[in-house]
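The structure appears below as structure tokens.
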Amino acid sequence: MMISRDSNVSFWRGNWLSKGPLRNLIQGHLTQGATHLEVKDVLTDMGWDWSKIPFELPLDVKSLIQAIPTPFTSRGRERISWIGNPRGTFDLRSAYSIAMGMEIDIIVRDFGWIWKLNTLPRIKTFLWMCAHGSIGVKACLVRRRVVEEESCPICQRALETILHALRDCHKVKEVWRQLGILRTDRGFWTSNLQDWIKINSKDRENCFQGNPPWNILFPIAVWNVWKSRNMLIFKRKSQNLNLSYEIVNQVVEFLCYVASPRNPT
Ligand SMILES: [Zn+2]
């Protein structure tokens, strides 16, 4: 399938993607300006202009769009460009690997509940990307052929999967224990990624050690674990020994100023 640059097809509702309308892959509310976008508004001579979209599209959705061959004028000639290889020429092998990658990334599972969580918008986006297996851990990057080596840069003992980065790496385990998770909590330590995110993000009951509700604490903790890990790996900062304390403080702040600004508790 090829999409034409002067296409009046609706960017969100048109059936121009192999996976059906783009709107079905995007959760949340579209702004007035974004609703009426047509394919031709976003597809320019130079390729897809993501700045035309007033929010950040998830990476896996972008790759899905980029995998579609688009004609563009080059020195007066029309030609087809294929994102699957550096020369832009179509080949079956790269098409196959993109298609396989997509099957892994865009599993037809409903993650709409993530957008209803009581947390900050950037954390919802982060959890949504985690649930789709699209954050920058080695296991995801290897699949996208960005890097070749898959072991965790911190412990070098395991494959750097999303769960390893956010839950299982030994430095991270310590943070979760400080936040009240017991070593023996099998449900927490053994569930798969999607269940782990869902069960913990919705768990209103558990209140460890007088901490704020777990469904508020967990998303903020995951986000901080990820940020702290990146500081350690990319900025070579030393391990933040107060992370669990800072997480609880952020949760308290969130509850006072963001969650219910009129009724601080
Ligand atoms: Zn590790």
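By convention in this document, the chains of the structure tokens carry letters A, B, ... by their order, each chain's residues are numbered from 1, and ligands are numbered from 1 in the order they are shown.
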- Task: Might you pull out every residue within 12 Å of Ile162 in chain A, with only C-alpha atoms counted and same-chain residues fewer than 3 positions away left off, and present them as a PyMOL selection string?
- Result: chain A and resi 126-127+129-141+150-152+158-159+165-169+192-194+196-197+222+225-226+229
- Task: Give the answer as one residue: which of A:Ala259, A:Ile114, A:Leu232, A:Leu243 has the shortest atom-to-atom distance to Asn200 in chain A, using only C-alpha atoms?
- Result: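 Of A:Ala259, A:Ile114, A:Leu232, A:Leu243, the one nearest Asn200 in chain A is A:Ile114, counting only C-alpha atoms.
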Contacts of Asn118 in chain A at 10 Å (only C-alpha atoms; same-chain gap of 5+ positions) as a PDB file with C-alpha atoms, in the first residue's frame:
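Once written, out.pdb looks like this:
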```pdb
ATOM      1  CA  ILE A 123       3.836   9.282  33.504  1.00  0.00           C
ATOM      2  CA  LYS A 124       0.718   7.944  31.762  1.00  0.00           C
ATOM      3  CA  SER A 201      -1.391   0.988  39.084  1.00  0.00           C
ATOM      4  CA  LYS A 202      -4.923   0.036  40.119  1.00  0.00           C
ATOM      5  CA  ASN A 215      -2.123   3.232  42.982  1.00  0.00           C
ATOM      6  CA  ILE A 216      -0.783   6.794  43.352  1.00  0.00           C
ATOM      7  CA  PRO A 219       3.285   5.123  38.792  1.00  0.00           C
ATOM      8  CA  PHE A 254       1.137  15.353  43.913  1.00  0.00           C
ATOM      9  CA  LEU A 255      -1.749  14.622  46.274  1.00  0.00           C
ATOM     10  CA  VAL A 258      -2.194  18.220  41.497  1.00  0.00           C
ATOM     11  CA  ALA A 259      -4.686  15.531  42.405  1.00  0.00           C
TER      12      ALA A 259
END
```
- What's the 10 Å shell around His29 in chain A, counting only C-alpha atoms, without same-chain residues fewer than 5 positions away, as a VMD selection string? chain A and resid 34 to 35 115
Save the residues we just selected, C-alpha atoms, as a compact mmCIF listing (two decimals), in the first residue's frame?
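Final output, saved to part04.txt:
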```
# COMPACT_ATOMS: atom_id res chain seq x y z
CA ALA A 34 -5.65 17.91 15.71
CA THR A 35 -9.05 16.34 14.99
CA TRP A 115 -5.14 7.25 30.49
```
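The spacing separating CA of Pro21 in chain A from CA of Glu38 in chain A amounts to 12.4 Å.
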- List the neighbours of Leu22 in chain A out to 12 Å using only C-alpha atoms; skip same-chain residues closer than 2 positions along the sequence, and give me the result as a PyMOL selection string. chain A and resi 9-20+24-27+30+35+37-39+57-58+60-62+64-65+106
Requested write-out: C-alpha atoms of the selected residues, as a PDB file, in the first residue's frame:
```
ATOM      1  CA  VAL A   9      -7.875  11.168   3.855  1.00  0.00           C
ATOM      2  CA  SER A  10      -8.376  11.923   7.557  1.00  0.00           C
ATOM      3  CA  PHE A  11      -5.105  11.361   9.409  1.00  0.00           C
ATOM      4  CA  TRP A  12      -6.845   9.792  12.399  1.00  0.00           C
ATOM      5  CA  ARG A  13      -9.935   8.114  10.950  1.00  0.00           C
ATOM      6  CA  GLY A  14      -8.875   7.234   7.417  1.00  0.00           C
ATOM      7  CA  ASN A  15      -8.165   3.619   6.680  1.00  0.00           C
ATOM      8  CA  TRP A  16      -4.682   4.184   5.256  1.00  0.00           C
ATOM      9  CA  LEU A  17      -2.680   2.158   7.786  1.00  0.00           C
ATOM     10  CA  SER A  18      -2.350  -1.595   7.655  1.00  0.00           C
ATOM     11  CA  LYS A  19      -3.592  -1.767  11.269  1.00  0.00           C
ATOM     12  CA  GLY A  20      -6.809   0.190  10.662  1.00  0.00           C
ATOM     13  CA  ASN A  24      -7.780   3.210  17.334  1.00  0.00           C
ATOM     14  CA  LEU A  25      -4.106   3.107  18.260  1.00  0.00           C
ATOM     15  CA  ILE A  26      -4.144   6.426  20.095  1.00  0.00           C
ATOM     16  CA  GLN A  27      -5.857   6.776  23.429  1.00  0.00           C
ATOM     17  CA  LEU A  30      -7.714  14.792  20.499  1.00  0.00           C
ATOM     18  CA  THR A  35      -9.047  16.343  14.990  1.00  0.00           C
ATOM     19  CA  LEU A  37      -5.760  16.796  10.309  1.00  0.00           C
ATOM     20  CA  GLU A  38      -5.555  15.114   6.935  1.00  0.00           C
ATOM     21  CA  VAL A  39      -2.730  12.930   5.738  1.00  0.00           C
ATOM     22  CA  LEU A  57       3.003  10.116  18.997  1.00  0.00           C
ATOM     23  CA  PRO A  58       4.237   6.897  20.616  1.00  0.00           C
ATOM     24  CA  ASP A  60       5.754   2.333  17.815  1.00  0.00           C
ATOM     25  CA  VAL A  61       2.951   4.241  16.109  1.00  0.00           C
ATOM     26  CA  LYS A  62       5.494   6.473  14.357  1.00  0.00           C
ATOM     27  CA  LEU A  64       4.159   1.933  11.840  1.00  0.00           C
ATOM     28  CA  ILE A  65       3.440   5.112   9.844  1.00  0.00           C
ATOM     29  CA  ILE A 106       0.997  -3.299  18.786  1.00  0.00           C
TER      30      ILE A 106
END
```
- Shortest interatomic distance to Trp128 in chain A - which of A:Phe55, A:Phe234, A:Trp113, A:Trp214, counting only C-alpha atoms: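 Checking each candidate against Trp128 in chain A, we get A:Trp113 as the closest.
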- Task: Could you tell me, as a PyMOL selection string, which residues of range 21-64 of chain A DSSP assigns to helix (DSSP H, G or I) when given the backbone?
- Result: chain A and resi 22-25+32-35+39-42+50-52+59-64
- Item | From A:Glu174, A:Asp203, A:Asp110, A:Glu56, residue lying nearest Leu241 in chain A [only C-alpha atoms] |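 Using only C-alpha atoms, Leu241 in chain A sits closest to A:Glu174.
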- For CA of Ile154 in chain A and CA of Lys171 in chain A, determine how far apart the two atoms are, in Å to one decimal place.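 Here the two named atoms are 8.6 Å from each other.
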- Message: Could you check the closest approach to His170 in chain A for each of A:Pro54, A:Gly112, A:Gln239, A:Pro121 and tell me which residue wins, using only C-alpha atoms?
- Response: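 Ranked by minimum distance to His170 in chain A, first place goes to A:Gln239.
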- Task: Could you check which of A:Ile233, A:Val251, A:Ile199, A:Leu182 is closest to ligand 1, using only C-alpha atoms and all ligand atoms?
- Result: A:Ile233
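Separating CA of Asn8 in chain A from CA of Thr125 in chain A is a distance of 29.2 Å.
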